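Novice: Have a look at this one before I ask anything.
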Amino acid sequence: MTSKLYKQSIEIILKNQGREGGYLASPSFEPYQYCWFRDSSYIAYAMDLAGQHQSAVRFYNWSANTLNRYSAKLAACINKKQRGETLVKEDFFHCRFHLSGVETPGNWGNHQLDSLGVWLWAYCRHLELNGKKSAAVINQEILFLVRDYLAALWRYPCFDCWEENGEDIHTYTLAAIHAGLASLGKLLEDEESTRISNEIKSYLLIDLVHGGIFKKSQKKNIVDASLISIAVPFSILPADDLLVKQTIDVIVRDLGYRNVGLHRFHGDVYYGGGIWILLSAWLGWYYSESGRTSQALDILRWITAQAAEDGGLPEQLCEDLYSQKECKQWRLKWNEPANPLLWSHAMYILLYLSLEKSGAL
Ligand code: BGC
């Protein structure tokens, strides 16, 4: 299969990496002209796997500078929590930053703990893929600060990975925190990280399972496409575990589109709730990693056909919508959905490389 879109994806990511190392979520969509820790962690992981280590190093240096800049804020938040005081939105680490590494002002659901979880996870993969060495300078103090921040806050509500539901505890968020801390525990042989990650895993398996499947959050007994992460890439349970398989079956049944696409969750209203390219790639990645090659290939082909002339992949396609009216309203507000979305390109790269590794391409 042609590797054109794979190459274009790498070029698009490189082109939209700032001088300081941060990645723009999307260059042409004004509300996304910032660097998100979540999107960027997947992007850096994809770049590492694609052999673009320098790009990943630049991102990790950017993130270390950003975390250093706000280290007093993280420490103050941990102390306040330990004193039993009520935290307010100004206390939390932000989810998105200017490329300069400065917080983005304005009213936004910034408290998103999955961001730092997936960042720790991706950074540990970065070290693994580079023989435990990296030109990125992240000192142990910062890694432990992130650990302590996650340890202090994981039992409390935050916004989910779609920046919604700030009063709930989310399965994907805990999966990302678990993965980050479990990886850090192994990397630094740090018992505290391992202990908390085990606690989170037990909590996930007891409190966030309902009727034989993982549920979106403590308050919502529905699935969310981000639950795929429990198997791929976080490996909290193996891809052929019954709980995982049953969850994926329900995701495909409730959120699937023509066997190749996925909605985020039932009733999504953002742009009317279309088909998210990054989630299609994620499902394909899961299929590829679990030996379901032909289904993964169908998804790769379908995504390839959705790319614009210059290779750009959008955030979502406004198809099979839950609400035409919402779609119209979002278009009036912000025009068409983001394109290119760098996270979509990262997930395409991850699917592509997984299929290549299995010998299917
Ligand atoms: C998504 C987030 C994402 C952000 C930037 C939001 O609409 O819900 O998951 O991090 O866009 O791409």
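If you're wondering about the labels, chains in the structure tokens are A, B, ... by order shown, residues count from 1 in each chain, ligands from 1 in order shown.
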Taking only C-alpha atoms and all ligand atoms into account, which residues are within 9 Å of ligand 1, as a list in words?
Specialist: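 For ligand 1, the residues inside 9 Å are Leu24, Ala25, Ser26, Pro31, Tyr32, Gln33, Tyr34, Cys35, Trp36, Phe37, Arg38, Asp39, Ser40, Cys95, Arg96, Ser115, Asp160, Cys161, Trp162, Glu163, Glu164, Tyr270, Glu315, Ala338, Leu341, Leu342, Trp343 and Ser344 of chain A.
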Novice: Could you tell me, as a PyMOL selection string, which residues of region 81-261 of chain A DSSP assigns to helix (DSSP H, G or I) when given the backbone?
Specialist: chain A and resi 81-82+89-91+114-129+140-153+171-188+191-207+225-230+242-255
Novice: Can you measure CA of Gly312 (chain A) to CA of Asn339 (chain A) for me? One decimal in Å is fine.
Specialist: 6.1 Å
Novice: May I have the residues within 12 Å of region 194-204 of chain A as a PyMOL selection string, using only C-alpha atoms and disregarding those fewer than 4 positions away in the same chain?
Specialist: chain A and resi 117+121+147-155+169-190+208-210+213-218+227+230+234-237+243
Novice: Any idea what's packed within 8 Å of Lys89 (chain A), counting only C-alpha atoms, ignoring anything in its chain fewer than 3 positions away? Could you give it as a ChimeraX atom specification?
Specialist: /A:92,110-111
Novice: Given the choices A:Leu87, A:Leu321, A:Leu5, A:Ala346, which gets closest to Gly267 (chain A) if the distance is worked out from only C-alpha atoms?
Specialist: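 When distances to Gly267 (chain A) are compared using only C-alpha atoms, the smallest one comes from A:Leu321.
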Novice: Can you check which residues of region 109-329 of chain A DSSP gives as strand (DSSP E) on the backbone and send them as a ChimeraX atom specification?
Specialist: /A:209-210,213-214,256-257,261-262,275-276,316-317
Novice: Nearest to Lys7 (chain A) among A:Arg331, A:Gly359, A:Ser288, A:Thr304, with distances taken over only C-alpha atoms: which residue is it?
Specialist: A:Thr304
Novice: Nearest to Ser100 (chain A): which of A:Gly166, A:Pro27, A:Gly22, A:Gly131 is it, counting only C-alpha atoms?
Specialist: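 The shortest atom-to-atom distance to Ser100 (chain A) comes from A:Gly22.
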Novice: Applying 12 Å and only C-alpha atoms, which residues near Glu11 (chain A) remain after dropping the ones on its own chain fewer than 3 positions away? List them as JSON, numbers by chain.
Specialist: {"A": [4, 5, 6, 7, 8, 14, 15, 16, 17, 47, 50, 52, 55, 310, 311, 312, 340, 342, 345, 346, 349]}
Novice: Could you write out the selected residues, including all heavy atoms, as a short mmCIF file (atom, residue, chain, number, x, y, z; two decimals), in the first residue's frame?
Specialist:
data_model
loop_
_atom_site.label_atom_id
_atom_site.label_comp_id
_atom_site.auth_asym_id
_atom_site.auth_seq_id
_atom_site.Cartn_x
_atom_site.Cartn_y
_atom_site.Cartn_z
N LYS A 4 2.34 7.17 0.86
CA LYS A 4 2.30 8.63 0.64
C LYS A 4 1.74 9.38 1.86
O LYS A 4 2.35 10.33 2.35
CB LYS A 4 1.46 8.92 -0.60
CG LYS A 4 1.49 10.35 -1.04
CD LYS A 4 0.84 10.52 -2.40
CE LYS A 4 0.54 11.99 -2.62
NZ LYS A 4 -0.63 12.18 -3.46
N LEU A 5 0.60 8.92 2.36
CA LEU A 5 -0.02 9.64 3.47
C LEU A 5 0.80 9.50 4.75
O LEU A 5 0.82 10.40 5.59
CB LEU A 5 -1.46 9.15 3.69
CG LEU A 5 -2.26 9.93 4.73
CD1 LEU A 5 -2.31 11.42 4.43
CD2 LEU A 5 -3.68 9.38 4.86
N TYR A 6 1.50 8.38 4.88
CA TYR A 6 2.39 8.20 6.04
C TYR A 6 3.48 9.28 6.01
O TYR A 6 3.73 9.96 7.00
CB TYR A 6 2.98 6.78 5.98
CG TYR A 6 4.09 6.52 6.96
CD1 TYR A 6 3.81 6.32 8.31
CD2 TYR A 6 5.43 6.49 6.56
CE1 TYR A 6 4.82 6.09 9.23
CE2 TYR A 6 6.45 6.26 7.47
CZ TYR A 6 6.14 6.06 8.80
OH TYR A 6 7.14 5.84 9.71
N LYS A 7 4.08 9.44 4.84
CA LYS A 7 5.15 10.47 4.71
C LYS A 7 4.59 11.87 4.89
O LYS A 7 5.18 12.72 5.56
CB LYS A 7 5.82 10.34 3.33
CG LYS A 7 6.69 9.10 3.24
CD LYS A 7 7.41 9.04 1.91
CE LYS A 7 8.05 7.68 1.74
NZ LYS A 7 7.97 7.19 0.35
N GLN A 8 3.43 12.10 4.27
CA GLN A 8 2.82 13.43 4.40
C GLN A 8 2.49 13.73 5.87
O GLN A 8 2.63 14.86 6.34
CB GLN A 8 1.52 13.50 3.58
CG GLN A 8 1.78 13.68 2.10
CD GLN A 8 0.47 13.58 1.31
OE1 GLN A 8 -0.39 12.75 1.62
NE2 GLN A 8 0.32 14.41 0.29
N LEU A 14 5.98 17.74 11.41
CA LEU A 14 7.24 18.50 11.54
C LEU A 14 7.01 19.98 11.25
O LEU A 14 7.54 20.86 11.93
CB LEU A 14 8.30 17.95 10.60
CG LEU A 14 8.90 16.58 11.00
CD1 LEU A 14 9.84 16.06 9.91
CD2 LEU A 14 9.63 16.67 12.35
N LYS A 15 6.18 20.22 10.24
CA LYS A 15 5.92 21.60 9.83
C LYS A 15 5.21 22.39 10.93
O LYS A 15 5.37 23.61 11.04
CB LYS A 15 5.05 21.56 8.57
CG LYS A 15 4.88 22.86 7.88
CD LYS A 15 4.26 22.66 6.53
CE LYS A 15 3.57 23.96 6.14
NZ LYS A 15 2.45 23.72 5.24
N ASN A 16 4.45 21.68 11.74
CA ASN A 16 3.66 22.37 12.77
C ASN A 16 4.21 22.18 14.18
O ASN A 16 3.48 22.31 15.15
CB ASN A 16 2.20 21.94 12.67
CG ASN A 16 1.59 22.45 11.39
OD1 ASN A 16 1.51 23.67 11.19
ND2 ASN A 16 1.24 21.55 10.47
N GLN A 17 5.50 21.87 14.23
CA GLN A 17 6.18 21.85 15.53
C GLN A 17 6.86 23.20 15.70
O GLN A 17 7.61 23.64 14.82
CB GLN A 17 7.21 20.71 15.56
CG GLN A 17 7.92 20.60 16.90
CD GLN A 17 8.68 19.29 17.09
OE1 GLN A 17 9.11 18.68 16.10
NE2 GLN A 17 8.86 18.87 18.33
N MET A 47 6.07 9.85 16.47
CA MET A 47 7.32 10.32 15.85
C MET A 47 8.49 9.45 16.28
O MET A 47 9.37 9.10 15.49
CB MET A 47 7.56 11.80 16.16
CG MET A 47 6.56 12.73 15.53
SD MET A 47 6.48 12.59 13.72
CE MET A 47 7.55 13.94 13.23
N ALA A 50 8.33 6.33 14.39
CA ALA A 50 8.65 6.57 12.97
C ALA A 50 10.13 6.90 12.79
O ALA A 50 10.57 7.22 11.69
CB ALA A 50 7.78 7.70 12.43
N GLN A 52 11.66 9.45 14.12
CA GLN A 52 11.88 10.91 14.17
C GLN A 52 12.18 11.33 15.61
O GLN A 52 11.47 12.13 16.23
CB GLN A 52 10.62 11.64 13.66
CG GLN A 52 10.25 11.33 12.23
CD GLN A 52 11.16 12.05 11.24
OE1 GLN A 52 11.71 13.09 11.55
NE2 GLN A 52 11.31 11.48 10.06
N SER A 55 12.53 15.06 16.79
CA SER A 55 11.28 15.80 16.98
C SER A 55 10.72 15.50 18.38
O SER A 55 10.30 16.41 19.10
CB SER A 55 10.29 15.39 15.89
OG SER A 55 9.01 15.88 16.18
N ASP A 310 -3.63 17.85 -0.03
CA ASP A 310 -2.29 18.05 0.56
C ASP A 310 -1.99 17.06 1.68
O ASP A 310 -1.02 17.20 2.41
CB ASP A 310 -2.18 19.48 1.11
CG ASP A 310 -3.21 19.75 2.21
OD1 ASP A 310 -4.01 18.84 2.54
OD2 ASP A 310 -3.22 20.89 2.74
N GLY A 311 -2.85 16.06 1.85
CA GLY A 311 -2.62 15.03 2.87
C GLY A 311 -3.33 15.30 4.18
O GLY A 311 -3.35 14.43 5.06
N GLY A 312 -3.90 16.48 4.35
CA GLY A 312 -4.50 16.84 5.64
C GLY A 312 -5.64 15.91 6.06
O GLY A 312 -6.54 15.62 5.28
N PRO A 340 -5.53 20.35 9.01
CA PRO A 340 -5.21 19.04 9.57
C PRO A 340 -5.22 19.06 11.10
O PRO A 340 -4.91 20.09 11.71
CB PRO A 340 -3.77 18.81 9.08
CG PRO A 340 -3.18 20.19 8.99
CD PRO A 340 -4.32 21.08 8.56
N LEU A 342 -3.21 17.35 14.03
CA LEU A 342 -1.96 16.57 14.14
C LEU A 342 -2.17 15.23 14.87
O LEU A 342 -1.53 14.23 14.55
CB LEU A 342 -0.87 17.39 14.84
CG LEU A 342 0.02 18.19 13.87
CD1 LEU A 342 -0.75 19.28 13.15
CD2 LEU A 342 1.23 18.79 14.58
N HIS A 345 -3.14 12.61 12.47
CA HIS A 345 -1.97 12.12 11.72
C HIS A 345 -1.13 11.17 12.58
O HIS A 345 -0.61 10.17 12.08
CB HIS A 345 -1.13 13.31 11.22
CG HIS A 345 -1.80 14.00 10.08
ND1 HIS A 345 -1.72 13.56 8.78
CD2 HIS A 345 -2.62 15.08 10.06
CE1 HIS A 345 -2.46 14.34 7.99
NE2 HIS A 345 -3.01 15.26 8.75
N ALA A 346 -1.01 11.49 13.86
CA ALA A 346 -0.23 10.63 14.75
C ALA A 346 -0.86 9.24 14.82
O ALA A 346 -0.17 8.21 14.74
CB ALA A 346 -0.15 11.25 16.14
N ILE A 349 -0.24 7.28 11.72
CA ILE A 349 1.14 6.75 11.72
C ILE A 349 1.21 5.49 12.59
O ILE A 349 1.82 4.48 12.21
CB ILE A 349 2.13 7.83 12.23
CG1 ILE A 349 2.24 8.97 11.22
CG2 ILE A 349 3.50 7.23 12.54
CD1 ILE A 349 3.03 10.18 11.72
#
